[in-house]
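Structure, as structure tokens:
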Amino acid sequence: MNYEEQWNRLNEYQKAAVLDESPACIVNANVGSGKTTVLIAKILYLHMKKQVSIRDMAVLTFTNKAAGEIKERLLAIEPKLTEEDLAGFGTFHSVAMNYLRTRLDVESMGWTKQFLIIEPDEEAELALRLSKEQNWKIKYKNRLKKRLEQEYTAFRQGKTKSRYQDDMFLLFEALQEEKKRQNKMSFSDLIEVCTKLLNREDEQKESTCADDSLPKNGETDYGHRSEKPEWIIVDEVQDSDKQQMEFLTALKGEHTRLFAVGDPNQLIYSWRGSVETMFYSLKHQFDAKELSLPVNYRSSRTILEAAGRFLQYGNTVAGSREEGMPIKVQNHYDAFQEAQYLAQKIKELHLGGMEYGEIAIFYRLQSQSEILEKVFEREGVPYTVSLKKTLREIPVLDWFVKVLTFACNQKDRYAAEAVLSHPFYGEGMEKKRLKSFLAEPKEGEVDLYDRMKGFQEAFSSETGKDGMEIYSYFSLDASLHPNAASYEEDRKLVLDLCKRLVIYSQEDQKSLAKGTAQFLRSSALYGIQILKEEENPGKDQVRLMSLHASKGLEFTVVFIIGVNDGLIPLTGRSFEQEEEERRLFFVGMTRAREQLELSYYTNPGQPRVNGGPGRYLNMLPKHLLDWEGSQAPEEKMANLKQLRKAVRREQEKSGYAQSKAEAATESVAAEKIAPAIAGEELTVRKVRHPKYGIGILVDENEMTAEVEFEGYGRKEFLKAFGEIEMLQRKIREKKCRTQIFILWRHFFY
Ligand SMILES: Nc1ncnc2c1ncn2[C@@H]1O[C@H](COP(=O)(O)OP(=O)(O)OP(=O)(O)O)[C@@H](O)[C@H]1O
């Protein structure tokens, strides 16, 4: 669709939003009312009609996917746009990273422009090491990653003691220093440092005006230049957090215009720090004009009316489409029976002419996809799981990324330690030997170490051919142990990554050495999509995804499974979490265009999940439902007020105060680990798998078993398929250190 066609399709509200040029404007939009549509039309309008250069726009999105979509649309109209032109288009993190790498004086803050990104897991690992080295008292180490995220704001605000009265704040300081030493930035550092530098530039500019002897035209006394964008355009503003708001404030120059779109009813990321009032704070902070987009273009009237029950003020969303089919509510004995039912139902839909790609299944927990995957595979239903896996979730790639990390940054001694002491891959050096070796590394003693050190030089001018040269350079065959059962799979994974490195370097016309460093930075930021769909691009497949991942998407048919109390909604630890569960369900329902089917289990077979229809099903207007061919039960809760009352009652009854729940989790972990530490007898259930060998059962329910295999990580199996054989025996800690280590890891990481 070209620009004119796109413009003609817009309704009056949408056109008003596109044309608005107030210094700050915030669009309060209903679900499916055309936020993305308006955003893209606005960028095109500014660029094509108002001649605003693409380089003068900062377009901040919540996900990389959204940024990618916008860029694609722009490139379709203007194929000559380069990556540099579009550097201001991306998530808050990627735009901040770009500013730091290209425009700002990051050196004055202790990093160099070649900094790498440290992912949250890696940062938590580093923090754990530092606290051990310093003998600091840190409580709840198994939640360290979360604590680093949650308590950082208090630390930044100058509080002197952590909420648990331990050494957490000493750790923050040391961690910051160590990250600088290793030249790494966390996601939150990217935003924070960028905000600080932008603010500092503003202060310098102000003093420049007062003092003629200082540099002019936005040039700092370090000789760096940073211009403020002419326009800042923000998507999904309801999910921004405080740090991002500070970044926006710093990025906005005196003459910058701000245009933000959002829907307070779709706030589903408050666990990451966004707060319910952010939408309105932004409006007040920038004295923004408020516009609205009221009409939903996506869903049938039936779906909208039902979803309306979950809106904050019980409003209805105005629709533009016909009434549509009733919402089907279906029960299943358990998840296995449900998967078989879905496979049949989807096949029928497909036979009736529906493309698989028009069908989606949403669930609350990622683990729910395993059963569906297995059954769909057996039944021949093509599917893809939208799952963003980071490299670190695959043991061999986690190890190999550390090899590359040290090869690109020799200040990262922890990476070297992890590479050389890995129990399965590489040299497998003992602690003592490792310590003395790293204290004074001698050339020729450890081949892998020498190779890592020599990597930059060896590949300083080559872009590579097919990845094999990297594989051979590190002699990876020896490191992956050709006799191991995992060898074939590991080799393929590593070789694929090597190939990606080569393609990445070639595309960017960089040497492999430079390309690899850049790749490590961007893979941390964007996550390497090891998606099944990548293996079959463009193939017609059913989409399986979590409710969170469904945000911003739309499908003709949507199944939301497991609408049981304890799953949807997940049992909340606080009233706010329950509210977020409600919004999440609303987001899921409103992805459907024509058909929506909700299902629950009568026998969920999972702890803390109640059998029978969840309370959300009881909130749906009866006249809109086709309740499994029969009558729906009496509507128990017809509105939000009643739902909230029920939630409060339940929380009071179960005493589910946040601190209590957390304390309970800690003590369960502590109790379970205590016998292992004391060397007492403990029961370890072992399992045998034909491919992965012997593993330890870490969790199970009636249908599935989760097993940890050394060298392979965790896998989940459907018991009904008989892939694993349960073994059981008692072990003593002394006799079986490996298993204890795995258990230990299970509880603490
Ligand atoms: N004026 C319009 N006329 C017809 N269809 C429209 C119009 N505006 C948007 N649409 C269609 O409505 C659907 C929803 O639009 P869009 O995805 O832009 O909404 P959104 O507000 O971003 O959705 P969400 O709230 O889920 O994030 C899309 O299929 C889009 O093509």
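Ordered as shown in the structure tokens, chains take letters A, B, and onward, while each chain numbers its residues from 1 and ligands are numbered from 1 in the order shown.
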
Within 6 Å of Ile359 in chain A, counting only C-alpha atoms, which residues qualify if same-chain residues fewer than 4 places away don't, as a tab-separated table (two decimals) with C-alpha atoms, in the first residue's frame?
```
chain	number	residue	atom	x	y	z
A	542	VAL	CA	0.22	-22.59	13.61
A	555	PHE	CA	-4.96	-13.85	14.12
A	557	VAL	CA	-8.60	-17.82	15.19
A	558	VAL	CA	-7.20	-17.76	18.71
```

Enumerate as a count of residues only the residues within 8 Å of ligand 1, counting only C-alpha atoms and all ligand atoms.
-> 27

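The closest residue to Met57 in chain A, picked from A:Ile233, A:Leu144, A:Leu128, A:Met185 and counting only C-alpha atoms, is A:Ile233.
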
Counting only C-alpha atoms, what is within 12 Å of Glu173 in chain A, bar same-chain residues fewer than 4 positions away, as a ChimeraX atom specification?
-> /A:127,130-131,148,152,155-156,158,160,167-169,177-180

Write a file of the just-selected residues containing N, CA and C atoms, as an mmCIF file, in the first residue's frame.
```
data_model
loop_
_atom_site.group_PDB
_atom_site.id
_atom_site.type_symbol
_atom_site.label_atom_id
_atom_site.label_comp_id
_atom_site.auth_asym_id
_atom_site.auth_seq_id
_atom_site.Cartn_x
_atom_site.Cartn_y
_atom_site.Cartn_z
ATOM 1 N N ALA A 127 27.983 -10.885 39.743
ATOM 2 C CA ALA A 127 27.706 -10.350 41.079
ATOM 3 C C ALA A 127 27.944 -11.425 42.131
ATOM 4 N N LEU A 130 31.651 -11.823 42.684
ATOM 5 C CA LEU A 130 32.225 -10.718 43.439
ATOM 6 C C LEU A 130 31.870 -10.833 44.916
ATOM 7 N N SER A 131 30.613 -11.186 45.192
ATOM 8 C CA SER A 131 30.209 -11.266 46.597
ATOM 9 C C SER A 131 30.949 -12.401 47.298
ATOM 10 N N LEU A 148 18.987 -7.619 41.766
ATOM 11 C CA LEU A 148 19.828 -6.615 41.092
ATOM 12 C C LEU A 148 18.943 -5.636 40.332
ATOM 13 N N TYR A 152 18.044 -1.785 42.413
ATOM 14 C CA TYR A 152 18.979 -0.827 41.835
ATOM 15 C C TYR A 152 18.444 0.606 41.929
ATOM 16 N N PHE A 155 19.213 2.022 45.218
ATOM 17 C CA PHE A 155 20.648 2.309 45.285
ATOM 18 C C PHE A 155 20.961 3.617 44.548
ATOM 19 N N ARG A 156 20.361 3.737 43.369
ATOM 20 C CA ARG A 156 20.584 4.955 42.558
ATOM 21 C C ARG A 156 20.079 6.195 43.265
ATOM 22 N N GLY A 158 20.270 6.842 46.217
ATOM 23 C CA GLY A 158 21.155 7.236 47.312
ATOM 24 C C GLY A 158 20.819 6.589 48.643
ATOM 25 N N THR A 160 21.131 4.023 51.622
ATOM 26 C CA THR A 160 22.410 3.462 52.047
ATOM 27 C C THR A 160 22.323 1.981 52.419
ATOM 28 N N ASP A 167 24.647 -6.818 52.350
ATOM 29 C CA ASP A 167 25.699 -6.042 51.680
ATOM 30 C C ASP A 167 25.394 -5.752 50.206
ATOM 31 N N MET A 168 24.136 -5.782 49.854
ATOM 32 C CA MET A 168 23.747 -5.628 48.448
ATOM 33 C C MET A 168 24.282 -4.329 47.833
ATOM 34 N N PHE A 169 24.277 -3.254 48.602
ATOM 35 C CA PHE A 169 24.678 -1.974 48.000
ATOM 36 C C PHE A 169 26.188 -1.900 47.781
ATOM 37 N N GLU A 177 32.054 -1.066 39.097
ATOM 38 C CA GLU A 177 33.482 -0.927 38.805
ATOM 39 C C GLU A 177 33.977 -2.062 37.909
ATOM 40 N N GLU A 178 33.536 -3.274 38.271
ATOM 41 C CA GLU A 178 33.981 -4.446 37.517
ATOM 42 C C GLU A 178 33.482 -4.382 36.065
ATOM 43 N N LYS A 179 32.243 -3.920 35.896
ATOM 44 C CA LYS A 179 31.704 -3.820 34.533
ATOM 45 C C LYS A 179 32.531 -2.818 33.716
ATOM 46 N N LYS A 180 32.920 -1.737 34.361
ATOM 47 C CA LYS A 180 33.743 -0.755 33.640
ATOM 48 C C LYS A 180 35.084 -1.376 33.287
#
```

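Excluding range 80-83 of chain A and any residue on its chain fewer than 3 positions from it, the residues at most 12 Å away by only C-alpha atoms are Ser53, Ile54, Arg55, Gly68, Lys71, Glu72, Arg73, Leu74, Leu75, Ala76, Ile77, Leu86, Ala87, Gly88, Phe89, Gly90, Asn98, Glu507 and Asp508 of chain A.
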
Go ahead and save the residues from that selection, with C-alpha atoms, as a PDB file, in the first residue's frame.
```pdb
ATOM      1  CA  SER A  53      14.817  13.820   7.699  1.00  0.00           C
ATOM      2  CA  ILE A  54      14.612  10.222   8.932  1.00  0.00           C
ATOM      3  CA  ARG A  55      17.852  10.908  10.795  1.00  0.00           C
ATOM      4  CA  GLY A  68      11.711  -4.077  12.584  1.00  0.00           C
ATOM      5  CA  LYS A  71      11.743  -0.082   9.344  1.00  0.00           C
ATOM      6  CA  GLU A  72      10.509  -2.650   6.840  1.00  0.00           C
ATOM      7  CA  ARG A  73       7.558  -0.464   5.907  1.00  0.00           C
ATOM      8  CA  LEU A  74       9.815   2.549   5.450  1.00  0.00           C
ATOM      9  CA  LEU A  75      12.317   0.597   3.391  1.00  0.00           C
ATOM     10  CA  ALA A  76       9.525  -0.639   1.132  1.00  0.00           C
ATOM     11  CA  ILE A  77       8.753   2.978   0.261  1.00  0.00           C
ATOM     12  CA  LEU A  86      17.606   4.354  10.729  1.00  0.00           C
ATOM     13  CA  ALA A  87      19.906   4.338  13.754  1.00  0.00           C
ATOM     14  CA  GLY A  88      17.314   6.262  15.777  1.00  0.00           C
ATOM     15  CA  PHE A  89      14.667   3.587  15.198  1.00  0.00           C
ATOM     16  CA  GLY A  90      14.598   0.817  17.757  1.00  0.00           C
ATOM     17  CA  ASN A  98      23.675   3.808  19.280  1.00  0.00           C
ATOM     18  CA  GLU A 507      26.882  -7.965   5.678  1.00  0.00           C
ATOM     19  CA  ASP A 508      28.514  -5.248   7.719  1.00  0.00           C
TER      20      ASP A 508
END
```

Non-local contacts of range 319-336 of chain A (6 Å; only C-alpha atoms; under 2 positions in same chain excluded) as a VMD selection string = chain A and resid 295 to 297 300 to 302 338 to 339 596 to 604 624 to 628

Keeping N, CA and C atoms, export the residues of the selection given above as a PDB file, in the first residue's frame.
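To be explicit, this is the file written out as selection_9.pdb:
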```pdb
ATOM      1  N   VAL A 295     -11.890   3.529  17.882  1.00  0.00           N
ATOM      2  CA  VAL A 295     -12.561   2.445  17.147  1.00  0.00           C
ATOM      3  C   VAL A 295     -11.647   1.247  16.885  1.00  0.00           C
ATOM      4  N   ASN A 296     -12.089   0.101  17.327  1.00  0.00           N
ATOM      5  CA  ASN A 296     -11.326  -1.125  17.077  1.00  0.00           C
ATOM      6  C   ASN A 296     -11.668  -1.677  15.690  1.00  0.00           C
ATOM      7  N   TYR A 297     -10.627  -1.990  14.938  1.00  0.00           N
ATOM      8  CA  TYR A 297     -10.829  -2.511  13.576  1.00  0.00           C
ATOM      9  C   TYR A 297     -10.573  -4.004  13.482  1.00  0.00           C
ATOM     10  N   SER A 300     -14.342  -9.094  16.159  1.00  0.00           N
ATOM     11  CA  SER A 300     -15.801  -9.094  16.014  1.00  0.00           C
ATOM     12  C   SER A 300     -16.409  -8.424  17.256  1.00  0.00           C
ATOM     13  N   ARG A 301     -17.671  -8.005  17.130  1.00  0.00           N
ATOM     14  CA  ARG A 301     -18.325  -7.312  18.257  1.00  0.00           C
ATOM     15  C   ARG A 301     -18.431  -8.229  19.477  1.00  0.00           C
ATOM     16  N   THR A 302     -18.671  -9.520  19.222  1.00  0.00           N
ATOM     17  CA  THR A 302     -18.788 -10.473  20.328  1.00  0.00           C
ATOM     18  C   THR A 302     -17.489 -10.508  21.138  1.00  0.00           C
ATOM     19  N   GLU A 338      -6.203 -32.192  25.719  1.00  0.00           N
ATOM     20  CA  GLU A 338      -6.412 -30.913  25.057  1.00  0.00           C
ATOM     21  C   GLU A 338      -5.565 -30.792  23.779  1.00  0.00           C
ATOM     22  N   ALA A 339      -4.295 -31.236  23.885  1.00  0.00           N
ATOM     23  CA  ALA A 339      -3.407 -31.139  22.728  1.00  0.00           C
ATOM     24  C   ALA A 339      -3.941 -31.978  21.572  1.00  0.00           C
ATOM     25  N   LEU A 596     -12.758 -17.073  18.792  1.00  0.00           N
ATOM     26  CA  LEU A 596     -11.988 -17.172  20.033  1.00  0.00           C
ATOM     27  C   LEU A 596     -12.483 -18.393  20.794  1.00  0.00           C
ATOM     28  N   GLU A 597     -11.566 -19.233  21.193  1.00  0.00           N
ATOM     29  CA  GLU A 597     -11.951 -20.406  21.990  1.00  0.00           C
ATOM     30  C   GLU A 597     -11.120 -20.421  23.262  1.00  0.00           C
ATOM     31  N   LEU A 598     -11.813 -20.582  24.384  1.00  0.00           N
ATOM     32  CA  LEU A 598     -11.135 -20.586  25.683  1.00  0.00           C
ATOM     33  C   LEU A 598     -11.323 -21.967  26.291  1.00  0.00           C
ATOM     34  N   SER A 599     -10.277 -22.498  26.901  1.00  0.00           N
ATOM     35  CA  SER A 599     -10.466 -23.827  27.467  1.00  0.00           C
ATOM     36  C   SER A 599      -9.870 -23.939  28.856  1.00  0.00           C
ATOM     37  N   TYR A 600     -10.378 -24.919  29.601  1.00  0.00           N
ATOM     38  CA  TYR A 600      -9.871 -25.160  30.962  1.00  0.00           C
ATOM     39  C   TYR A 600      -9.764 -26.662  31.177  1.00  0.00           C
ATOM     40  N   TYR A 601      -9.012 -27.052  32.198  1.00  0.00           N
ATOM     41  CA  TYR A 601      -8.833 -28.475  32.505  1.00  0.00           C
ATOM     42  C   TYR A 601      -9.706 -28.863  33.696  1.00  0.00           C
ATOM     43  N   THR A 602     -10.271 -30.067  33.604  1.00  0.00           N
ATOM     44  CA  THR A 602     -10.984 -30.534  34.795  1.00  0.00           C
ATOM     45  C   THR A 602      -9.988 -31.204  35.749  1.00  0.00           C
ATOM     46  N   ASN A 603      -8.882 -31.674  35.183  1.00  0.00           N
ATOM     47  CA  ASN A 603      -7.880 -32.324  36.019  1.00  0.00           C
ATOM     48  C   ASN A 603      -6.499 -31.798  35.612  1.00  0.00           C
ATOM     49  N   PRO A 604      -6.147 -30.578  36.045  1.00  0.00           N
ATOM     50  CA  PRO A 604      -4.917 -29.972  35.520  1.00  0.00           C
ATOM     51  C   PRO A 604      -3.648 -30.732  35.887  1.00  0.00           C
ATOM     52  N   LEU A 624     -22.921 -14.496  25.096  1.00  0.00           N
ATOM     53  CA  LEU A 624     -21.897 -14.471  24.033  1.00  0.00           C
ATOM     54  C   LEU A 624     -21.192 -15.819  23.886  1.00  0.00           C
ATOM     55  N   LEU A 625     -21.581 -16.768  24.752  1.00  0.00           N
ATOM     56  CA  LEU A 625     -20.784 -17.997  24.818  1.00  0.00           C
ATOM     57  C   LEU A 625     -21.473 -19.217  24.222  1.00  0.00           C
ATOM     58  N   ASP A 626     -20.647 -20.081  23.683  1.00  0.00           N
ATOM     59  CA  ASP A 626     -21.096 -21.416  23.330  1.00  0.00           C
ATOM     60  C   ASP A 626     -20.287 -22.314  24.255  1.00  0.00           C
ATOM     61  N   TRP A 627     -20.924 -22.649  25.392  1.00  0.00           N
ATOM     62  CA  TRP A 627     -20.178 -23.341  26.436  1.00  0.00           C
ATOM     63  C   TRP A 627     -20.197 -24.828  26.168  1.00  0.00           C
ATOM     64  N   GLU A 628     -19.308 -25.288  25.404  1.00  0.00           N
ATOM     65  CA  GLU A 628     -19.146 -26.687  25.052  1.00  0.00           C
ATOM     66  C   GLU A 628     -20.466 -27.321  24.666  1.00  0.00           C
TER      67      GLU A 628
END
```

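Restricting the calculation to only C-alpha atoms, the smallest distance between Leu493 in chain A and any of A:Lys65, A:Gly357, A:Arg688, A:Leu397 is found for A:Leu397.
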
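Ranking A:Gln182, A:Ser472, A:Ser479, A:Asn28 by their shortest atom-to-atom distance to Phe279 in chain A, with only C-alpha atoms included, puts A:Asn28 first.
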
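Across the structure, CA of Thr195 in chain A and CA of Phe247 in chain A are spaced 5.0 Å apart.
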
Using DSSP on the backbone coordinates, identify the residues of range 122-297 of chain A assigned to helix (DSSP H, G or I); present them as a ChimeraX atom specification.
-> /A:122-134,141-150,152-156,168-181,187-210,237-239,242-251,264-266,270-272,278-285
